[in-house]
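Source file: model26.cif. Holds: mmCIF, C-alpha atoms.
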data_upload
loop_
_atom_site.label_atom_id
_atom_site.label_comp_id
_atom_site.auth_asym_id
_atom_site.auth_seq_id
_atom_site.Cartn_x
_atom_site.Cartn_y
_atom_site.Cartn_z
CA MET A 1 82.98 100.94 113.24
CA SER A 2 83.43 102.31 116.75
CA ASP A 3 85.30 100.34 119.40
CA GLY A 4 82.88 99.56 122.19
CA PRO A 5 83.63 97.71 125.42
CA GLY A 6 85.34 94.43 124.62
CA ARG A 7 85.26 95.09 120.88
CA VAL A 8 88.45 94.53 118.95
CA GLY A 9 89.52 97.61 117.00
CA GLY A 10 89.15 97.83 113.24
CA ASP A 11 92.91 98.09 112.65
CA VAL A 12 93.46 94.85 114.57
CA LEU A 13 90.75 93.09 112.57
CA MET A 14 92.34 94.39 109.38
CA ALA A 15 95.83 93.19 110.36
CA VAL A 16 94.57 89.77 111.43
CA GLY A 17 92.45 89.36 108.30
CA ALA A 18 95.38 90.31 106.08
CA ALA A 19 97.66 87.87 107.91
CA ARG A 20 95.18 85.05 107.39
CA ALA A 21 95.13 85.81 103.67
CA LEU A 22 98.78 84.75 103.51
CA VAL A 23 98.13 81.15 104.49
CA GLY A 24 99.67 78.97 101.80
CA ALA A 25 101.86 81.70 100.28
CA ARG A 26 105.57 80.97 99.85
CA THR A 27 106.93 84.47 99.26
CA CYS A 28 105.52 87.91 100.04
CA PHE A 29 106.77 91.32 98.89
CA VAL A 30 106.21 93.47 101.97
CA GLY A 31 105.77 97.19 102.45
CA ILE A 32 106.07 99.16 105.66
CA GLY A 33 103.03 99.80 107.83
CA LEU A 34 100.04 97.49 107.84
CA PRO A 35 101.42 95.15 105.14
CA SER A 36 104.51 94.55 107.27
CA THR A 37 102.38 94.01 110.37
CA ALA A 38 100.20 91.47 108.59
CA ALA A 39 103.08 89.63 106.94
CA ASN A 40 105.07 89.31 110.16
CA LEU A 41 101.97 88.16 112.04
CA ALA A 42 101.34 85.56 109.34
CA ARG A 43 104.89 84.24 109.65
CA ARG A 44 104.56 83.98 113.43
CA VAL A 45 101.13 82.34 113.54
CA HIS A 46 99.77 81.00 110.26
CA ASN A 47 102.67 80.39 107.91
CA PRO A 48 106.08 79.88 109.58
CA GLY A 49 107.73 79.15 106.24
CA LEU A 50 106.64 82.42 104.64
CA VAL A 51 109.60 84.23 103.08
CA LEU A 52 109.33 87.98 103.65
CA ILE A 53 110.93 90.10 100.95
CA TYR A 54 111.50 93.82 101.38
CA GLU A 55 112.13 96.38 98.64
CA SER A 56 115.50 97.26 100.16
CA GLY A 57 116.84 93.85 99.12
CA ALA A 58 116.26 91.76 102.25
CA ILE A 59 115.09 88.23 101.41
CA GLY A 60 113.83 86.00 104.22
CA ALA A 61 113.83 88.74 106.88
CA LYS A 62 112.68 87.64 110.34
CA PRO A 63 112.38 90.81 112.42
CA SER A 64 111.51 90.42 116.10
CA ARG A 65 109.62 93.73 115.98
CA LEU A 66 107.91 95.78 113.31
CA PRO A 67 110.56 97.51 111.17
CA LEU A 68 110.47 101.29 111.07
CA SER A 69 111.32 101.46 107.37
CA ILE A 70 112.54 99.26 104.52
CA GLY A 71 116.03 100.36 105.59
CA ASP A 72 115.65 99.15 109.19
CA GLY A 73 118.87 97.38 110.17
CA GLU A 74 117.07 94.40 111.67
CA LEU A 75 115.78 93.42 108.23
CA ALA A 76 119.36 93.04 107.01
CA ASP A 77 120.52 91.41 110.26
CA THR A 78 117.83 88.70 110.12
CA ALA A 79 117.64 88.12 106.34
CA ASP A 80 118.66 84.92 104.60
CA ALA A 81 120.13 86.99 101.78
CA LEU A 82 120.69 90.61 100.77
CA VAL A 83 120.58 91.64 97.11
CA PRO A 84 120.87 95.02 95.35
CA VAL A 85 117.63 96.88 94.78
CA ALA A 86 118.10 96.61 91.01
CA GLU A 87 118.33 92.81 91.29
CA MET A 88 115.30 92.77 93.57
CA PHE A 89 113.17 94.40 90.90
CA ASN A 90 114.73 93.07 87.69
CA TYR A 91 115.23 89.45 88.72
CA TRP A 92 112.97 88.64 91.65
CA LEU A 93 109.94 90.87 91.08
CA GLN A 94 109.78 91.39 87.33
CA GLY A 95 110.89 87.79 86.84
CA GLY A 96 107.64 86.59 88.41
CA ARG A 97 109.37 84.92 91.37
CA ILE A 98 107.18 86.39 94.14
CA ASP A 99 103.81 84.90 95.04
CA VAL A 100 102.05 87.75 96.85
CA GLY A 101 102.47 91.51 96.91
CA PHE A 102 100.96 93.67 99.65
CA LEU A 103 99.82 97.21 98.86
CA GLY A 104 98.08 100.13 100.52
CA ALA A 105 96.18 102.96 98.84
CA ALA A 106 95.16 106.58 99.25
CA GLN A 107 92.30 106.05 96.80
CA LEU A 108 90.82 102.83 95.42
CA ASP A 109 88.15 102.40 92.77
CA ARG A 110 85.69 99.57 92.07
CA TYR A 111 88.25 97.71 89.92
CA ALA A 112 90.95 97.90 92.61
CA ASN A 113 93.00 100.49 90.75
CA ILE A 114 95.11 102.54 93.14
CA ASN A 115 96.04 106.20 93.54
CA THR A 116 99.03 107.13 95.70
CA THR A 117 100.19 110.12 93.62
CA GLU A 118 97.89 113.13 93.99
CA VAL A 119 94.36 114.16 94.93
CA ASP A 120 92.04 116.89 93.72
CA ARG A 121 91.59 119.37 96.59
CA GLY A 122 88.79 121.32 94.91
CA PRO A 123 88.34 124.43 92.72
CA GLY A 124 91.06 127.05 93.06
CA ARG A 125 93.33 124.85 95.14
CA PRO A 126 96.48 123.06 93.98
CA ARG A 127 96.32 119.29 93.75
CA GLY A 128 97.54 117.60 96.92
CA ARG A 129 100.69 115.56 96.50
CA LEU A 130 100.94 112.05 97.99
CA PRO A 131 104.01 109.84 98.53
CA GLY A 132 103.89 108.49 94.97
CA ALA A 133 104.20 105.14 93.28
CA GLY A 134 107.35 103.62 94.74
CA GLY A 135 107.43 100.01 93.61
CA ALA A 136 103.64 99.56 93.65
CA PRO A 137 103.07 99.48 89.86
CA GLU A 138 105.71 96.74 89.45
CA ILE A 139 104.37 94.79 92.44
CA ALA A 140 100.83 94.87 91.04
CA ALA A 141 102.06 93.94 87.57
CA HIS A 142 104.38 91.05 88.37
CA CYS A 143 103.51 89.36 91.68
CA GLY A 144 101.41 86.22 91.37
CA GLU A 145 98.59 88.01 93.16
CA VAL A 146 98.06 91.18 95.17
CA LEU A 147 96.45 91.88 98.53
CA ILE A 148 95.39 95.42 99.43
CA ALA A 149 94.93 96.58 103.01
CA VAL A 150 93.35 99.97 103.63
CA ARG A 151 90.96 101.74 106.00
CA HIS A 152 87.43 101.96 104.64
CA SER A 153 85.99 105.43 104.00
CA PRO A 154 84.27 107.33 101.16
CA ARG A 155 87.46 109.39 100.72
CA THR A 156 89.44 106.24 99.99
CA PHE A 157 86.86 104.09 98.16
CA VAL A 158 85.98 106.47 95.32
CA GLU A 159 83.92 106.35 92.14
CA ARG A 160 86.78 107.78 90.10
CA LEU A 161 90.47 108.06 90.97
CA ASP A 162 92.06 111.49 90.83
CA TYR A 163 95.17 109.80 89.39
CA VAL A 164 95.83 106.19 88.38
CA THR A 165 99.13 105.21 89.97
CA THR A 166 98.81 101.43 89.98
CA LEU A 167 96.65 99.25 87.76
CA GLY A 168 94.47 96.72 89.53
CA HIS A 169 91.92 95.31 87.09
CA GLY A 170 91.85 98.40 84.86
CA THR A 171 88.42 98.81 83.32
CA GLY A 172 87.33 95.20 83.77
CA PRO A 173 87.98 91.64 82.62
CA GLY A 174 90.87 91.18 80.22
CA ASP A 175 92.37 94.63 80.77
CA ARG A 176 95.44 93.29 82.58
CA ALA A 177 96.16 90.86 79.75
CA ARG A 178 95.80 93.64 77.18
CA HIS A 179 98.48 95.58 79.03
CA GLY A 180 100.77 92.55 79.25
CA LEU A 181 100.70 92.30 83.04
CA ARG A 182 101.97 88.99 84.39
CA GLY A 183 100.12 88.47 87.68
CA ARG A 184 96.46 87.93 88.60
CA GLY A 185 96.25 91.36 90.17
CA PRO A 186 94.29 92.18 93.34
CA VAL A 187 92.49 89.14 94.75
CA ALA A 188 91.27 90.71 98.02
CA VAL A 189 90.91 94.10 99.67
CA ILE A 190 90.99 93.80 103.46
CA THR A 191 89.68 96.80 105.38
CA ASP A 192 88.74 97.68 108.93
CA LEU A 193 85.12 96.84 108.02
CA GLY A 194 85.38 93.66 105.99
CA VAL A 195 86.74 91.98 102.87
CA LEU A 196 86.04 92.74 99.21
CA ARG A 197 87.00 90.51 96.28
CA PRO A 198 86.72 90.96 92.51
CA ASP A 199 83.67 89.41 90.90
CA PRO A 200 84.90 86.61 88.58
CA ALA A 201 82.65 87.83 85.77
CA THR A 202 83.06 91.61 85.99
CA ALA A 203 86.28 92.13 88.04
CA GLU A 204 84.34 94.70 90.11
CA LEU A 205 84.96 94.55 93.84
CA ILE A 206 82.08 93.05 95.80
CA LEU A 207 81.66 92.68 99.53
CA THR A 208 82.16 89.05 100.58
CA GLU A 209 82.68 89.33 104.34
CA VAL A 210 82.15 91.81 107.17
CA HIS A 211 84.04 91.88 110.44
CA PRO A 212 82.20 91.02 113.69
CA GLY A 213 79.87 93.84 114.70
CA VAL A 214 79.84 95.47 111.24
CA THR A 215 76.74 95.62 109.03
CA VAL A 216 76.53 95.57 105.26
CA GLY A 217 74.89 98.99 105.45
CA GLU A 218 77.91 100.46 107.25
CA VAL A 219 80.22 99.20 104.54
CA ARG A 220 78.01 100.60 101.80
CA GLU A 221 77.91 104.00 103.51
CA ALA A 222 81.72 104.01 103.61
CA THR A 223 82.02 103.24 99.87
CA GLY A 224 81.93 105.90 97.17
CA TRP A 225 80.11 103.78 94.59
CA PRO A 226 76.99 101.54 94.75
CA LEU A 227 78.66 98.56 96.34
CA ARG A 228 77.45 95.12 95.29
CA THR A 229 77.57 92.17 97.65
CA ALA A 230 78.05 88.45 97.32
CA ASP A 231 74.90 86.31 97.41
CA ARG A 232 75.86 85.46 100.96
CA VAL A 233 78.01 87.86 102.97
CA GLY A 234 80.01 86.01 105.61
CA VAL A 235 81.41 87.18 108.92
CA THR A 236 85.14 86.92 109.54
CA PRO A 237 86.13 84.82 112.59
CA PRO A 238 87.19 87.01 115.53
CA PRO A 239 90.92 87.17 116.31
CA SER A 240 92.21 84.28 118.40
CA GLU A 241 94.14 84.72 121.63
CA VAL A 242 97.30 83.61 119.82
CA GLU A 243 96.85 86.19 117.06
CA LEU A 244 96.22 88.97 119.56
CA ARG A 245 99.19 87.95 121.70
CA GLU A 246 101.63 87.77 118.78
CA LEU A 247 100.36 91.04 117.34
CA SER A 248 100.90 92.73 120.68
CA ALA A 249 104.40 91.25 120.90
CA LEU A 250 105.32 92.60 117.48
CA LYS A 251 104.22 96.09 118.44
CA SER A 252 105.68 96.15 121.95
CA VAL A 253 109.36 95.46 121.23
#

As structure tokens - that is how I would like this structure written.
Amino acid sequence: MSDGPGRVGGDVLMAVGAARALVGARTCFVGIGLPSTAANLARRVHNPGLVLIYESGAIGAKPSRLPLSIGDGELADTADALVPVAEMFNYWLQGGRIDVGFLGAAQLDRYANINTTEVDRGPGRPRGRLPGAGGAPEIAAHCGEVLIAVRHSPRTFVERLDYVTTLGHGTGPGDRARHGLRGRGPVAVITDLGVLRPDPATAELILTEVHPGVTVGEVREATGWPLRTADRVGVTPPPSEVELRELSALKSV
């Protein structure tokens, strides 16, 4: 989707859509980048009581600007509590005490499985190394549900992952339960083109909404498998003036 005159950029639509998905959540395990942008925007606009939890051990962080890393000092300065990283994972995350986890992806397949480890660069070339798993496998396994935010392209939305870093819905319905995973797994993938959700019957991602100005055909062209759609594909509401103002404030400090 190109940004024409007066058109809101895809990254803004993605951040706003992800923030709206946090309405009603109590706690959110936040990563740096777009997940942090969306979670902080949600706390400012849609869900003032949302408790932001960062991997570094900050619980209830209320940064006035977007943190540069999970070790940003403002997260500690504004947190309700600080706990050791081991406690964060063993007690809070693996104990099932966090409602929503936010993840990104380098590659994503039709069952919302994620690769952030390595990619095949072609014959005769070494495999390209990516940042790795971090806490993503535990977040996807133990949070009540997972939201994924990622830019939409055929390189990202692939037929087959080059490496399975984080299990979404595995190979289909029941796979998470067979592996003993606590949470519901990915419930929505928010991109710069629209929103995909797992089909209740098959667990395969289907297109449920497009952003203003985006066509279903554009989304299909940006997807590396034959993308199915909901019976009725909706259009996400455009960002409000309040959302745009607060998003700008977060980025300008």

Legend entry - Target residues per the PyMOL selection byres ((chain A and resi 81) around 12), formatted as a PyMOL selection string: chain A and resi 51-54+56-62+75-80+82-84+88

Inset, instruction - Just say which residues the PyMOL selection byres ((chain A and resi 24) around 12) picks in this file, as a PyMOL selection string. - result: chain A and resi 19-23+25-28+42-43+46-51+99-100

Legend entry - Selection dump of the PyMOL selection byres ((chain A and resi 109) around 7), as a PyMOL selection string: chain A and resi 107-108+110-114+157-161

Write a file of the just-selected residues containing C-alpha atoms, as a PDB file, keeping the file's coordinate frame.
ATOM      1  CA  GLN A 107      92.300 106.050  96.800  1.00  0.00           C
ATOM      2  CA  LEU A 108      90.820 102.830  95.420  1.00  0.00           C
ATOM      3  CA  ARG A 110      85.690  99.570  92.070  1.00  0.00           C
ATOM      4  CA  TYR A 111      88.250  97.710  89.920  1.00  0.00           C
ATOM      5  CA  ALA A 112      90.950  97.900  92.610  1.00  0.00           C
ATOM      6  CA  ASN A 113      93.000 100.490  90.750  1.00  0.00           C
ATOM      7  CA  ILE A 114      95.110 102.540  93.140  1.00  0.00           C
ATOM      8  CA  PHE A 157      86.860 104.090  98.160  1.00  0.00           C
ATOM      9  CA  VAL A 158      85.980 106.470  95.320  1.00  0.00           C
ATOM     10  CA  GLU A 159      83.920 106.350  92.140  1.00  0.00           C
ATOM     11  CA  ARG A 160      86.780 107.780  90.100  1.00  0.00           C
ATOM     12  CA  LEU A 161      90.470 108.060  90.970  1.00  0.00           C
TER      13      LEU A 161
END

Legend entry - 10 Å contact set for Val30 of chain A, all atoms listed in the file, chain neighbours under 4 positions out, as JSON, numbers by chain: {"A": [34, 35, 36, 37, 38, 39, 40, 51, 52, 53, 54, 55, 70, 100, 101, 102, 103, 139]}

Legend entry - Selection near Val119 of chain A, 10 Å with only C-alpha atoms, sequence-local residues under 6 positions removed, as a ChimeraX atom specification: /A:106-107,126-130,161-163

Inset, instruction - Using atom CA of Thr202 of chain A and atom CA of Asp120 of chain A as the two end points, give the distance in Å to one decimal. - result: 27.9 Å

Inset, instruction - Rank A:Gly174, A:Gly213, A:Gly168, A:Pro238 by their smallest atom-to-atom distance to Val12 of chain A, using all atoms listed in the file, and report the top residue only. - result: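 Distance minimum relative to Val12 of chain A lands on A:Pro238.
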
Inset, instruction - Kindly indicate which residue among A:Asp11, A:Val214, A:Gln94, A:Arg178 lies nearest to Gly234 of chain A, using all atoms listed in the file for the distances. - result: A:Val214

Inset, instruction - Have a look at A:Ala203, A:Leu196, A:Val164, A:Val150 and name the one nearest to Arg176 of chain A; count only C-alpha atoms. - result: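 Under the stated criterion, the closest residue is A:Ala203.
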
Inset, instruction - Give the answer as one residue: which of A:Gly71, A:Gly217, A:Pro212, A:Gly134 has the shortest atom-to-atom distance to Met14 of chain A, using only C-alpha atoms? - result: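 Selected residue with least distance to Met14 of chain A: A:Pro212.
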
Legend entry - Among listed residues A:Asp199, A:Glu138, A:Asp231, A:Glu218, nearest Phe89 of chain A (using only C-alpha atoms):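 Closest to Phe89 of chain A of all the choices is A:Glu138.
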
Legend entry - Test item: residues at most 10 Å from Pro239 of chain A, all atoms listed in the file, excluding those fewer than 3 positions along its chain, as a PyMOL selection string: chain A and resi 8+12-13+15-17+212+236+242-245

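Note that the spacing between atom CA of Val195 of chain A and atom CA of Glu209 of chain A amounts to 5.1 Å.
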